[in-house]
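upload.cif, holding mmCIF, C-alpha atoms:
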data_input
loop_
_atom_site.label_atom_id
_atom_site.label_comp_id
_atom_site.auth_asym_id
_atom_site.auth_seq_id
_atom_site.Cartn_x
_atom_site.Cartn_y
_atom_site.Cartn_z
CA MET A 25 98.75 100.53 68.74
CA GLN A 26 102.28 101.27 69.80
CA ASP A 27 104.57 101.47 72.81
CA GLN A 28 106.55 104.34 71.23
CA ALA A 29 105.65 107.43 69.25
CA THR A 30 107.02 110.70 67.98
CA ILE A 31 105.40 113.70 69.60
CA THR A 32 105.49 117.41 68.83
CA LEU A 33 104.55 119.93 71.47
CA THR A 34 105.08 123.55 72.41
CA ILE A 35 106.82 124.29 75.71
CA ASN A 36 107.22 127.88 76.87
CA GLY A 37 106.84 129.03 73.26
CA LEU A 38 109.39 126.64 71.75
CA THR A 39 108.41 123.63 69.62
CA TYR A 40 109.97 120.26 70.38
CA THR A 41 109.73 116.99 68.45
CA ARG A 42 110.96 113.84 70.18
CA ALA A 43 110.48 110.07 70.06
CA VAL A 44 109.14 108.83 73.41
CA ASP A 45 108.10 105.59 75.07
CA ALA A 46 104.35 105.51 75.64
CA ARG A 47 104.93 104.99 79.36
CA LEU A 48 107.20 108.05 79.78
CA LEU A 49 105.69 110.52 82.22
CA LEU A 50 105.51 114.15 81.16
CA SER A 51 107.48 115.09 84.31
CA ASP A 52 110.35 112.80 83.28
CA PHE A 53 110.13 113.95 79.67
CA LEU A 54 110.58 117.57 80.74
CA ARG A 55 113.44 116.83 83.12
CA HIS A 56 115.34 113.98 81.48
CA GLU A 57 114.72 114.45 77.78
CA LEU A 58 114.65 118.24 77.62
CA GLY A 59 116.70 119.23 80.67
CA LEU A 60 113.87 121.43 81.97
CA THR A 61 114.62 120.56 85.60
CA GLY A 62 112.63 123.45 87.03
CA THR A 63 109.64 121.11 87.23
CA HIS A 64 110.25 119.13 90.41
CA VAL A 65 109.16 115.59 91.11
CA GLY A 66 108.02 114.90 94.65
CA CYS A 67 105.57 112.08 95.30
CA GLU A 68 104.96 110.79 91.74
CA HIS A 69 101.35 109.96 92.54
CA GLY A 70 99.58 113.26 92.32
CA VAL A 71 99.47 114.27 95.97
CA CYS A 72 102.22 116.85 96.52
CA GLY A 73 101.78 119.20 93.56
CA ALA A 74 105.52 119.88 93.06
CA CYS A 75 105.36 118.76 89.39
CA THR A 76 102.43 121.03 88.47
CA ILE A 77 102.66 122.50 84.97
CA LEU A 78 100.09 124.15 82.70
CA MET A 79 98.71 122.11 79.82
CA ASP A 80 96.64 124.09 77.32
CA GLY A 81 96.29 126.85 79.88
CA ARG A 82 95.14 124.81 82.90
CA SER A 83 97.23 123.35 85.69
CA ALA A 84 97.95 119.62 85.55
CA ARG A 85 100.10 117.15 87.47
CA SER A 86 102.92 116.27 85.06
CA CYS A 87 103.54 113.05 87.04
CA LEU A 88 99.98 111.93 86.22
CA THR A 89 100.28 112.86 82.55
CA LEU A 90 101.99 110.81 79.87
CA ALA A 91 104.30 112.69 77.53
CA ILE A 92 102.47 111.01 74.64
CA GLN A 93 99.21 112.60 75.84
CA ALA A 94 100.78 116.03 75.45
CA ASP A 95 101.32 115.54 71.71
CA GLY A 96 100.08 118.76 70.11
CA ALA A 97 99.60 120.47 73.46
CA THR A 98 100.86 123.81 74.70
CA ILE A 99 102.83 123.35 77.91
CA GLU A 100 104.00 126.05 80.32
CA THR A 101 106.60 125.32 82.99
CA VAL A 102 108.30 127.42 85.64
CA GLU A 103 111.11 128.19 83.18
CA GLY A 104 108.58 130.17 81.17
CA LEU A 105 107.65 132.47 84.04
CA GLY A 106 110.90 134.44 84.20
CA ARG A 107 114.66 134.28 84.61
CA MET A 108 116.99 134.79 87.57
CA SER A 109 117.82 138.26 86.28
CA ASP A 110 114.25 139.04 85.30
CA LEU A 111 111.74 137.35 87.61
CA GLY A 112 108.12 137.06 86.54
CA ARG A 113 105.48 138.80 88.64
CA VAL A 114 104.44 135.68 90.57
CA GLN A 115 108.08 134.84 91.31
CA GLN A 116 108.73 138.42 92.41
CA ALA A 117 105.76 138.29 94.79
CA PHE A 118 107.13 135.08 96.34
CA ARG A 119 110.48 136.79 96.82
CA GLU A 120 108.94 139.87 98.42
CA HIS A 121 106.68 137.90 100.77
CA HIS A 122 109.16 135.13 101.62
CA GLY A 123 106.84 132.60 99.99
CA LEU A 124 109.55 129.93 99.94
CA GLN A 125 112.28 128.48 102.06
CA CYS A 126 113.89 125.34 100.60
CA GLY A 127 112.19 125.92 97.25
CA PHE A 128 111.40 122.33 96.36
CA CYS A 129 107.63 122.87 96.15
CA THR A 130 107.93 126.36 94.67
CA PRO A 131 107.73 125.61 90.92
CA GLY A 132 104.47 123.73 91.49
CA PHE A 133 103.04 126.55 93.57
CA LEU A 134 104.03 129.14 90.97
CA MET A 135 102.26 127.21 88.20
CA THR A 136 99.13 126.52 90.28
CA ILE A 137 99.00 130.22 91.18
CA THR A 138 99.36 131.16 87.50
CA ASP A 139 96.23 129.07 86.81
CA MET A 140 94.48 130.61 89.85
CA LEU A 141 95.20 134.17 88.69
CA ARG A 142 93.94 133.45 85.19
CA HIS A 143 90.75 131.62 86.09
CA HIS A 144 89.69 131.98 89.71
CA PRO A 145 88.13 134.95 91.57
CA LEU A 146 90.31 134.58 94.75
CA GLU A 147 88.16 137.08 96.64
CA THR A 148 88.96 135.82 100.15
CA ASP A 149 91.85 134.20 102.00
CA ASP A 150 89.68 131.11 102.37
CA ALA A 151 89.28 130.88 98.61
CA ILE A 152 93.02 131.37 98.14
CA ARG A 153 93.83 128.65 100.67
CA GLU A 154 91.30 126.28 99.11
CA ALA A 155 92.82 126.81 95.66
CA LEU A 156 96.33 126.24 97.05
CA SER A 157 95.34 123.15 99.00
CA GLY A 158 96.55 120.68 96.36
CA ASN A 159 100.14 121.86 96.77
CA ILE A 160 102.14 120.83 99.80
CA CYS A 161 104.87 122.97 101.38
CA ARG A 162 106.71 121.58 104.40
CA CYS A 163 108.65 124.81 105.19
CA THR A 164 106.57 127.94 105.13
CA GLY A 165 103.33 127.17 106.93
CA TYR A 166 101.67 128.72 103.83
CA GLN A 167 101.02 132.13 105.41
CA HIS A 168 103.59 133.93 103.26
CA ILE A 169 102.39 132.13 100.15
CA VAL A 170 98.83 133.30 100.90
CA ASP A 171 100.19 136.83 101.42
CA ALA A 172 101.84 136.73 97.99
CA VAL A 173 98.70 135.45 96.25
CA ARG A 174 96.49 138.02 98.03
CA GLU A 175 98.67 140.81 96.68
CA LEU A 176 98.72 139.31 93.18
CA ALA A 177 94.93 138.90 93.20
CA ARG A 178 94.49 142.51 94.36
CA GLU A 179 96.79 143.72 91.57
CA ARG A 180 94.88 141.70 89.01
CA GLY A 181 91.47 142.88 90.18
CA PRO A 182 88.18 141.07 89.56
CA LEU A 183 88.05 138.53 86.73
CA THR A 184 86.26 139.84 83.68
CA MET B 15 107.43 104.76 90.44
CA LYS B 16 107.06 104.54 86.67
CA PRO B 17 104.29 102.75 84.77
CA ALA B 18 105.07 99.34 83.33
CA ARG B 19 105.28 99.07 79.56
CA PHE B 20 102.00 99.19 77.65
CA ASP B 21 100.69 99.78 74.16
CA TYR B 22 99.02 103.13 73.73
CA VAL B 23 95.95 103.82 71.61
CA ARG B 24 94.71 107.32 70.99
CA ALA B 25 91.06 106.58 70.33
CA GLU B 26 89.43 108.68 67.60
CA SER B 27 85.91 107.51 68.39
CA ILE B 28 83.96 105.42 70.87
CA ALA B 29 83.93 102.54 68.34
CA HIS B 30 87.71 102.78 68.01
CA ALA B 31 88.12 102.80 71.81
CA VAL B 32 86.00 99.71 72.52
CA GLU B 33 87.56 97.84 69.61
CA ALA B 34 90.99 98.47 71.15
CA LEU B 35 89.69 97.35 74.58
CA ALA B 36 88.29 94.16 73.04
CA GLY B 37 91.65 93.51 71.38
CA ALA B 38 93.52 93.89 74.67
CA GLY B 39 92.63 90.41 75.84
CA GLY B 40 90.98 91.45 79.09
CA ASP B 41 93.46 93.88 80.64
CA GLY B 42 92.97 97.04 78.62
CA LYS B 43 92.25 100.26 80.51
CA VAL B 44 90.54 103.49 79.53
CA LEU B 45 92.51 106.67 80.27
CA ALA B 46 90.28 109.72 80.79
CA GLY B 47 91.43 112.20 83.46
CA GLY B 48 93.98 109.77 84.84
CA GLN B 49 93.84 111.18 88.36
CA SER B 50 93.22 107.75 89.89
CA LEU B 51 94.48 105.42 87.15
CA MET B 52 97.87 107.09 86.69
CA PRO B 53 98.86 106.87 90.39
CA MET B 54 97.88 103.19 90.35
CA MET B 55 99.97 102.69 87.21
CA ASN B 56 102.91 104.57 88.73
CA PHE B 57 102.72 102.24 91.74
CA ARG B 58 102.26 99.31 89.31
CA LEU B 59 99.11 98.29 91.14
CA VAL B 60 97.60 98.36 87.65
CA LYS B 61 99.58 97.15 84.63
CA PRO B 62 97.35 97.32 81.55
CA SER B 63 98.70 95.77 78.37
CA VAL B 64 96.80 98.39 76.36
CA LEU B 65 95.98 101.92 77.47
CA VAL B 66 93.13 103.48 75.51
CA ASP B 67 93.31 107.27 75.71
CA ILE B 68 89.81 108.70 75.10
CA ASN B 69 90.77 112.35 75.62
CA ARG B 70 90.62 113.22 71.91
CA ILE B 71 87.22 111.69 71.21
CA PRO B 72 84.97 114.59 70.19
CA ASP B 73 81.77 115.63 71.98
CA LEU B 74 82.27 113.60 75.18
CA ASP B 75 82.90 116.75 77.24
CA ARG B 76 79.26 117.83 77.29
CA ILE B 77 76.63 118.24 79.97
CA THR B 78 73.22 118.18 78.33
CA GLN B 79 69.63 118.17 79.50
CA GLU B 80 67.59 115.23 78.25
CA ALA B 81 64.10 114.13 79.32
CA GLY B 82 64.14 114.39 83.11
CA VAL B 83 67.91 113.96 83.39
CA LEU B 84 71.24 115.70 83.01
CA ARG B 85 73.65 113.66 80.90
CA LEU B 86 77.35 113.92 81.71
CA GLY B 87 79.66 112.68 78.95
CA ALA B 88 82.79 110.65 79.63
CA LEU B 89 85.12 113.66 79.38
CA VAL B 90 83.22 116.04 81.67
CA ARG B 91 85.90 117.19 84.13
CA HIS B 92 85.14 117.93 87.77
CA ARG B 93 85.75 121.63 87.12
CA MET B 94 83.08 121.62 84.41
CA THR B 95 80.52 119.89 86.64
CA ALA B 96 81.31 122.31 89.47
CA GLU B 97 80.88 125.38 87.23
CA ASP B 98 78.03 124.17 85.03
CA GLY B 99 74.86 126.28 85.03
CA LEU B 100 72.51 123.36 84.30
CA VAL B 101 73.90 121.45 87.28
CA ALA B 102 73.65 124.48 89.58
CA ARG B 103 70.04 125.13 88.55
CA HIS B 104 68.62 121.62 88.27
CA ILE B 105 70.68 119.52 90.70
CA PRO B 106 71.88 121.92 93.42
CA VAL B 107 72.85 119.03 95.68
CA LEU B 108 75.45 117.97 93.09
CA HIS B 109 76.64 121.55 92.72
CA ALA B 110 77.17 121.61 96.50
CA ALA B 111 78.91 118.23 96.52
CA MET B 112 81.38 119.30 93.83
CA LYS B 113 82.86 121.87 96.21
CA HIS B 114 84.27 118.94 98.18
CA VAL B 115 85.86 117.13 95.26
CA ALA B 116 89.66 117.03 95.26
CA HIS B 117 91.89 120.05 94.58
CA LEU B 118 92.00 122.64 91.80
CA THR B 119 94.59 120.90 89.63
CA VAL B 120 92.97 117.49 90.00
CA ARG B 121 89.56 119.00 89.18
CA ASN B 122 91.02 120.30 85.90
CA ARG B 123 91.64 116.74 84.72
CA GLY B 124 89.55 114.23 86.68
CA THR B 125 86.23 113.19 85.14
CA PHE B 126 82.83 112.39 86.62
CA CYS B 127 82.42 109.15 84.66
CA GLY B 128 86.00 108.10 85.43
CA SER B 129 85.38 108.48 89.13
CA VAL B 130 82.18 106.42 88.88
CA CYS B 131 84.17 103.70 87.07
CA HIS B 132 86.98 103.85 89.63
CA ALA B 133 84.31 103.26 92.33
CA ASP B 134 86.34 104.46 95.28
CA PRO B 135 84.14 103.98 98.37
CA ALA B 136 85.20 107.42 99.67
CA ALA B 137 84.62 109.40 96.47
CA GLU B 138 81.65 111.72 95.93
CA MET B 139 80.75 110.75 92.35
CA PRO B 140 79.56 107.16 92.87
CA MET B 141 77.51 108.30 95.87
CA MET B 142 75.88 111.17 93.99
CA THR B 143 75.14 108.86 91.05
CA LEU B 144 73.34 106.49 93.43
CA LEU B 145 71.45 109.34 95.10
CA LEU B 146 70.29 110.70 91.74
CA ASP B 147 69.10 107.29 90.47
CA GLY B 148 71.88 107.35 87.90
CA THR B 149 71.89 105.42 84.66
CA ILE B 150 75.21 104.33 83.20
CA HIS B 151 75.53 104.35 79.39
CA ILE B 152 77.94 101.65 78.27
CA ALA B 153 79.40 100.92 74.83
CA SER B 154 81.22 97.82 73.59
CA PRO B 155 81.82 96.16 70.21
CA ARG B 156 78.84 93.96 71.12
CA GLY B 157 76.52 96.97 71.24
CA ASP B 158 75.31 99.60 73.67
CA ARG B 159 73.55 99.01 76.96
CA THR B 160 72.45 100.93 80.03
CA MET B 161 72.60 99.91 83.64
CA ALA B 162 71.26 101.36 86.88
CA ALA B 163 73.98 102.80 89.11
CA ARG B 164 72.97 100.48 91.96
CA ASP B 165 73.76 97.48 89.75
CA PHE B 166 76.87 99.05 88.30
CA LEU B 167 78.63 99.75 91.62
CA VAL B 168 79.55 96.32 92.94
CA GLY B 169 82.10 97.00 95.67
CA SER B 170 85.32 98.76 96.55
CA LEU B 171 87.03 99.69 93.25
CA SER B 172 84.75 97.21 91.56
CA THR B 173 82.00 97.66 88.96
CA ALA B 174 79.94 95.51 86.62
CA LEU B 175 81.82 96.88 83.60
CA GLU B 176 83.15 94.14 81.27
CA PRO B 177 86.74 94.35 79.95
CA ASP B 178 85.63 95.36 76.44
CA GLU B 179 83.20 98.00 77.69
CA MET B 180 83.52 101.73 78.16
CA VAL B 181 81.25 104.15 80.00
CA VAL B 182 80.27 106.89 77.57
CA ALA B 183 77.94 108.91 79.81
CA VAL B 184 76.06 108.96 83.10
CA ASP B 185 72.47 110.22 83.39
CA LEU B 186 71.43 111.85 86.65
CA ALA B 187 67.72 112.28 87.40
CA ILE B 188 66.66 115.90 87.91
CA PRO B 189 64.78 116.12 91.22
CA GLU B 190 61.22 117.43 90.95
CA ASP B 191 60.47 121.06 91.79
CA GLY B 192 60.42 121.83 95.47
CA THR B 193 62.75 119.01 96.45
CA GLY B 194 64.81 119.81 99.53
CA TRP B 195 68.45 118.76 99.52
CA ALA B 196 71.52 118.59 101.68
CA PHE B 197 75.12 117.46 101.34
CA GLU B 198 77.30 117.03 104.42
CA GLU B 199 80.84 115.75 104.45
CA PHE B 200 83.59 115.43 107.00
CA SER B 201 87.23 115.22 105.95
CA ARG B 202 90.34 116.19 107.87
CA ARG B 203 91.44 118.63 105.21
CA HIS B 204 89.27 120.21 102.54
CA GLY B 205 89.57 118.31 99.26
CA ASP B 206 90.94 115.15 100.87
CA TYR B 207 88.98 111.94 100.75
CA ALA B 208 86.11 112.10 103.20
CA LEU B 209 85.86 110.05 106.37
CA ALA B 210 82.12 110.06 105.78
CA ALA B 211 79.56 111.97 103.73
CA ILE B 212 75.81 111.96 103.25
CA ALA B 213 73.48 113.42 100.66
CA VAL B 214 69.71 113.73 101.12
CA LEU B 215 66.79 114.60 98.87
CA MET B 216 63.20 114.89 100.04
CA ALA B 217 59.91 116.41 98.94
CA ARG B 218 57.22 117.83 101.25
CA ALA B 219 53.50 117.27 100.85
CA ASP B 220 50.88 118.16 103.48
CA GLY B 221 53.64 118.90 105.96
CA ARG B 222 55.14 115.44 105.60
CA MET B 223 58.27 113.98 104.04
CA ARG B 224 57.84 112.33 100.67
CA ASN B 225 60.18 110.54 98.30
CA VAL B 226 63.13 110.62 100.70
CA ARG B 227 66.47 109.61 99.22
CA ILE B 228 69.59 109.05 101.31
CA ALA B 229 73.06 108.12 100.07
CA MET B 230 76.24 107.80 102.11
CA MET B 231 79.87 107.02 101.50
CA GLY B 232 82.94 106.31 103.56
CA ILE B 233 80.92 103.88 105.66
CA ALA B 234 81.20 100.63 103.67
CA ASP B 235 82.98 99.01 100.74
CA THR B 236 80.92 101.11 98.40
CA ALA B 237 78.62 104.12 98.49
CA LEU B 238 75.15 103.04 99.56
CA ARG B 239 71.48 104.01 99.39
CA PHE B 240 69.32 103.19 102.40
CA ALA B 241 65.93 102.05 101.18
CA ASP B 242 64.75 100.97 104.66
CA VAL B 243 65.57 104.31 106.24
CA GLU B 244 64.06 106.15 103.30
CA ALA B 245 60.86 104.12 103.71
CA ALA B 246 60.80 104.73 107.47
CA LEU B 247 60.74 108.49 106.89
CA GLU B 248 58.09 108.40 104.15
CA GLY B 249 54.97 110.25 105.30
CA ARG B 250 56.51 111.38 108.61
CA GLU B 251 56.62 114.97 109.79
CA GLY B 252 60.04 116.60 109.62
CA THR B 253 60.73 116.73 113.35
CA PRO B 254 63.98 116.34 115.29
CA ALA B 255 62.60 113.09 116.73
CA ALA B 256 62.10 111.65 113.24
CA PHE B 257 65.61 112.68 112.23
CA ASP B 258 67.10 111.14 115.40
CA GLU B 259 65.27 107.92 114.68
CA ALA B 260 66.51 107.87 111.09
CA ALA B 261 70.06 108.55 112.22
CA ALA B 262 69.89 105.61 114.63
CA LEU B 263 68.55 103.35 111.87
CA LEU B 264 71.41 104.44 109.61
CA GLN B 265 73.99 103.81 112.29
CA ALA B 266 72.60 100.32 112.81
CA ALA B 267 72.59 99.61 109.07
CA ILE B 268 76.21 100.47 108.28
CA GLN B 269 79.37 98.47 108.84
CA PRO B 270 82.19 100.96 108.51
CA ASN B 271 85.85 99.92 108.39
CA SER B 272 88.59 100.93 110.78
CA ASP B 273 91.69 102.29 109.14
CA LEU B 274 94.54 104.71 109.69
CA ASN B 275 92.19 107.70 109.40
CA ALA B 276 89.30 106.70 111.65
CA SER B 277 87.95 103.81 113.67
CA ALA B 278 84.69 102.11 112.77
CA ASP B 279 83.11 103.54 115.95
CA TYR B 280 84.13 107.05 115.03
CA ARG B 281 82.80 106.65 111.50
CA ARG B 282 79.50 105.37 112.89
CA HIS B 283 79.30 108.36 115.21
CA LEU B 284 80.06 110.69 112.28
CA ALA B 285 77.39 109.03 110.15
CA GLY B 286 74.76 109.75 112.80
CA ALA B 287 75.82 113.36 113.30
CA LEU B 288 75.98 114.08 109.57
CA ALA B 289 72.62 112.36 109.01
CA ARG B 290 70.78 114.44 111.64
CA ARG B 291 72.27 117.61 110.20
CA ALA B 292 71.56 116.72 106.55
CA LEU B 293 67.98 115.56 107.15
CA ALA B 294 67.11 118.75 109.03
CA GLU B 295 68.76 120.87 106.36
CA ALA B 296 66.99 119.10 103.49
CA TRP B 297 63.65 119.46 105.29
CA GLN B 298 64.29 123.20 105.72
CA ARG B 299 64.88 123.52 102.01
CA THR B 300 61.75 121.67 100.89
CA GLY B 301 59.36 123.85 98.98
CA GLU B 302 62.14 125.95 97.50
CA THR B 303 62.18 125.82 93.72
CA THR B 304 65.08 123.64 92.71
CA GLY B 305 64.60 123.24 89.02
CA GLY B 306 62.70 123.76 85.83
CA ALA B 307 61.17 127.12 86.68
CA ALA B 308 63.89 129.37 85.27
#
Please express what this file holds, its structure, as structure tokens.
Amino acid sequence: MQDQATITLTINGLTYTRAVDARLLLSDFLRHELGLTGTHVGCEHGVCGACTILMDGRSARSCLTLAIQADGATIETVEGLGRMSDLGRVQQAFREHHGLQCGFCTPGFLMTITDMLRHHPLETDDAIREALSGNICRCTGYQHIVDAVRELARERGPLT
Amino acid sequence: MKPARFDYVRAESIAHAVEALAGAGGDGKVLAGGQSLMPMMNFRLVKPSVLVDINRIPDLDRITQEAGVLRLGALVRHRMTAEDGLVARHIPVLHAAMKHVAHLTVRNRGTFCGSVCHADPAAEMPMMTLLLDGTIHIASPRGDRTMAARDFLVGSLSTALEPDEMVVAVDLAIPEDGTGWAFEEFSRRHGDYALAAIAVLMARADGRMRNVRIAMMGIADTALRFADVEAALEGREGTPAAFDEAAALLQAAIQPNSDLNASADYRRHLAGALARRALAEAWQRTGETTGGAA
């Protein structure tokens, strides 16, 4: 039993070892301890989706996850998707379809969509909208985000 | 919006987990999916002195078929229940209900048993556990016990679980072959908490309704079964008049709350509309093979 621990985890392919308070949220660990500020913090109670990351390959709210829970886990954040000079495919699709305006919600959308493309059939716009429904965007009206995902799903083809 | 300080225990086994809960002096909490507990901790509505993380306990993430039931372990996530072949084949009404549960990312983490323990009056899991005559498997340092779901769910966010106890699994009764089913829910946005929902099971024999089961949520402090309405439909023909009558009985039996999302009157109206629809739908489906044959 402890209120602190040393954790080791893999984030975007790099291994980090840090001492953390048990109560430290994964979102704050990424931003404050590691400087990975691409993961945004909106509501801090699991409603807005801005802090979405991938933990062991599936999307998770980093504001509803303790850093200590991620000990031994493989984490992916928006920083792992691409760079300004070399955007990843999902980021590129957002750029082409104007899938963002202010950009605050965008990292969460990009990570949710990464999970969607890996695991979900996304055969219809309804299915795409349903899968996106846990992420809130107050700028775009979602249409351009749906357009981007539709193109990405078409490129990917059916799940095998 | 950060949790208060607590001691953290990564439980290696069920015995380890309940020992840690017993040592917490009454305010330990089990962390499974964390999709309800963590928001409450972030708001400091809940401030456990000890947080017992059960996510690494082996073998709790299983859905298995036992005699007449499906058993869902404490780490079965909503996504697993929604995609599980045994659930789809044997309890199609649960398969249908899972489509309404939360959003993709929350479904990745949230657990069936955790939701039953959280006992939110507008969540699907407690209601489906009541509908399916659920049995709750409970462990503590004092030994194991089981409890019927109707005794377990006490009120809003309130269960009969003792501070040193942990739910290790929930059993859901597999409906007999030919059972008709329906699940109807109304929420403002898909995946949000429902304003009201109803689930119905019924068999048909000699053109009449048998073994009718009705559960609702969003209409009281807890999900409810309606034994009187179920009894009133027993042996009746599945006609619109019978369904109207049952809907009126349901509306008279419930005492919904008014809140920001809907008035009590509106919820009562919804309950009647959803009930008529669900009863007719379940009746239509009677006679279809729902389990066991494959």
Do you have, as CSV, the list of residues of chain A lying at most 6 Å from chain B, each with its nearest atom pair and that distance in Å to one decimal, counting only C-alpha atoms and ordered by chain then number?
residue,atom,partner,partner_atom,distance
A:Met25,CA,B:Val23,CA,5.2
A:Gln26,CA,B:Asp21,CA,4.9
A:Asp27,CA,B:Asp21,CA,4.4
A:Arg47,CA,B:Pro17,CA,5.9
A:His69,CA,B:Pro53,CA,4.5
A:Ser83,CA,B:Thr119,CA,5.3
A:Ala84,CA,B:Thr119,CA,5.4
A:Leu88,CA,B:Met52,CA,5.3
A:Ala155,CA,B:Leu118,CA,5.7
A:Gly158,CA,B:His117,CA,5.0
Take the PyMOL selection byres ((chain B and resi 81-86) around 12), run it mentally on this structure, and tell me the resulting residues as a PyMOL selection string. chain B and resi 73-80+87-92+94-95+98-105+108+125-128+130+139+143+146-151+181-191+305-306
Produce the centre coordinates and the three edge lengths, each in Å to one decimal, of the box along x, y and z that contains all listed atoms of segment 37-52 of chain A with 8 Å added on each side, as JSON.
{"center_x": 107.7, "center_y": 117.0, "center_z": 76.4, "size_x": 22.6, "size_y": 40.0, "size_z": 31.9}
Do you have the atom CA of Cys72 of chain A-atom CA of Met140 of chain A distance handy? 17.1 Å
Point-to-point distance in Å for atom CA of Asp95 of chain A and atom CA of Pro72 of chain B: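 Value for the atom CA of Pro72 of chain B-atom CA of Asp95 of chain A distance: 16.4 Å.
What separates atom CA of His283 of chain B from atom CA of Met231 of chain B is a distance of 13.8 Å.
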Selected by the PyMOL selection byres ((chain A and resi 100) around 8) in the shown coordinates: which residues, as a PyMOL selection string? chain A and resi 35-36+77-79+81+98-99+101-104
Once you count all atoms listed in the file, which residues end up no further than 8 Å from (69.4, 104.3, 104.5) in the file's frame, shown as an MDAnalysis selection string? chainID B and resid 228:229 238:244 263:264 267
Can you list, as a short mmCIF file (atom, residue, chain, number, x, y, z; two decimals) with C-alpha atoms, keeping the file's coordinate frame, every protein, DNA or RNA residue that comes within 12 Å of Gly106 of chain A when you count all atoms listed in the file, leaving out same-chain residues fewer than 4 positions away?
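Result file part-v2.cif:
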data_model
loop_
_atom_site.label_atom_id
_atom_site.label_comp_id
_atom_site.auth_asym_id
_atom_site.auth_seq_id
_atom_site.Cartn_x
_atom_site.Cartn_y
_atom_site.Cartn_z
CA ASN A 36 107.22 127.88 76.87
CA GLY A 62 112.63 123.45 87.03
CA GLU A 100 104.00 126.05 80.32
CA THR A 101 106.60 125.32 82.99
CA VAL A 102 108.30 127.42 85.64
CA ASP A 110 114.25 139.04 85.30
CA LEU A 111 111.74 137.35 87.61
CA GLY A 112 108.12 137.06 86.54
CA ARG A 113 105.48 138.80 88.64
CA VAL A 114 104.44 135.68 90.57
CA GLN A 115 108.08 134.84 91.31
CA GLN A 116 108.73 138.42 92.41
CA PRO A 131 107.73 125.61 90.92
CA LEU A 134 104.03 129.14 90.97
CA MET A 135 102.26 127.21 88.20
#
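Minimum atom-to-atom distances from A:Thr30, A:Thr164, A:Thr39, A:Thr89 to Gly127 of chain A were compared using all atoms listed in the file, and the lowest value belongs to A:Thr164.
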Taking the file as I've supplied it (selection: the PyMOL selection byres ((chain A and resi 149) around 12)), which residues are included? Please answer as an MDAnalysis selection string. chainID A and resid 145:148 150:157 166:175 177:178
In terms of the shortest atom-to-atom distance over only C-alpha atoms, which of A:Glu179, A:Asp139, A:Asp80, A:Asp52 is closest to Thr34 of chain A?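 Closest to Thr34 of chain A, using only C-alpha atoms: A:Asp80.
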I'd like to know which of B:Gly286, B:Gly40, B:Pro62, B:Pro140 is closest to Leu167 of chain B, using all atoms listed in the file.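 That would be B:Pro140, the residue with the smallest distance to Leu167 of chain B.
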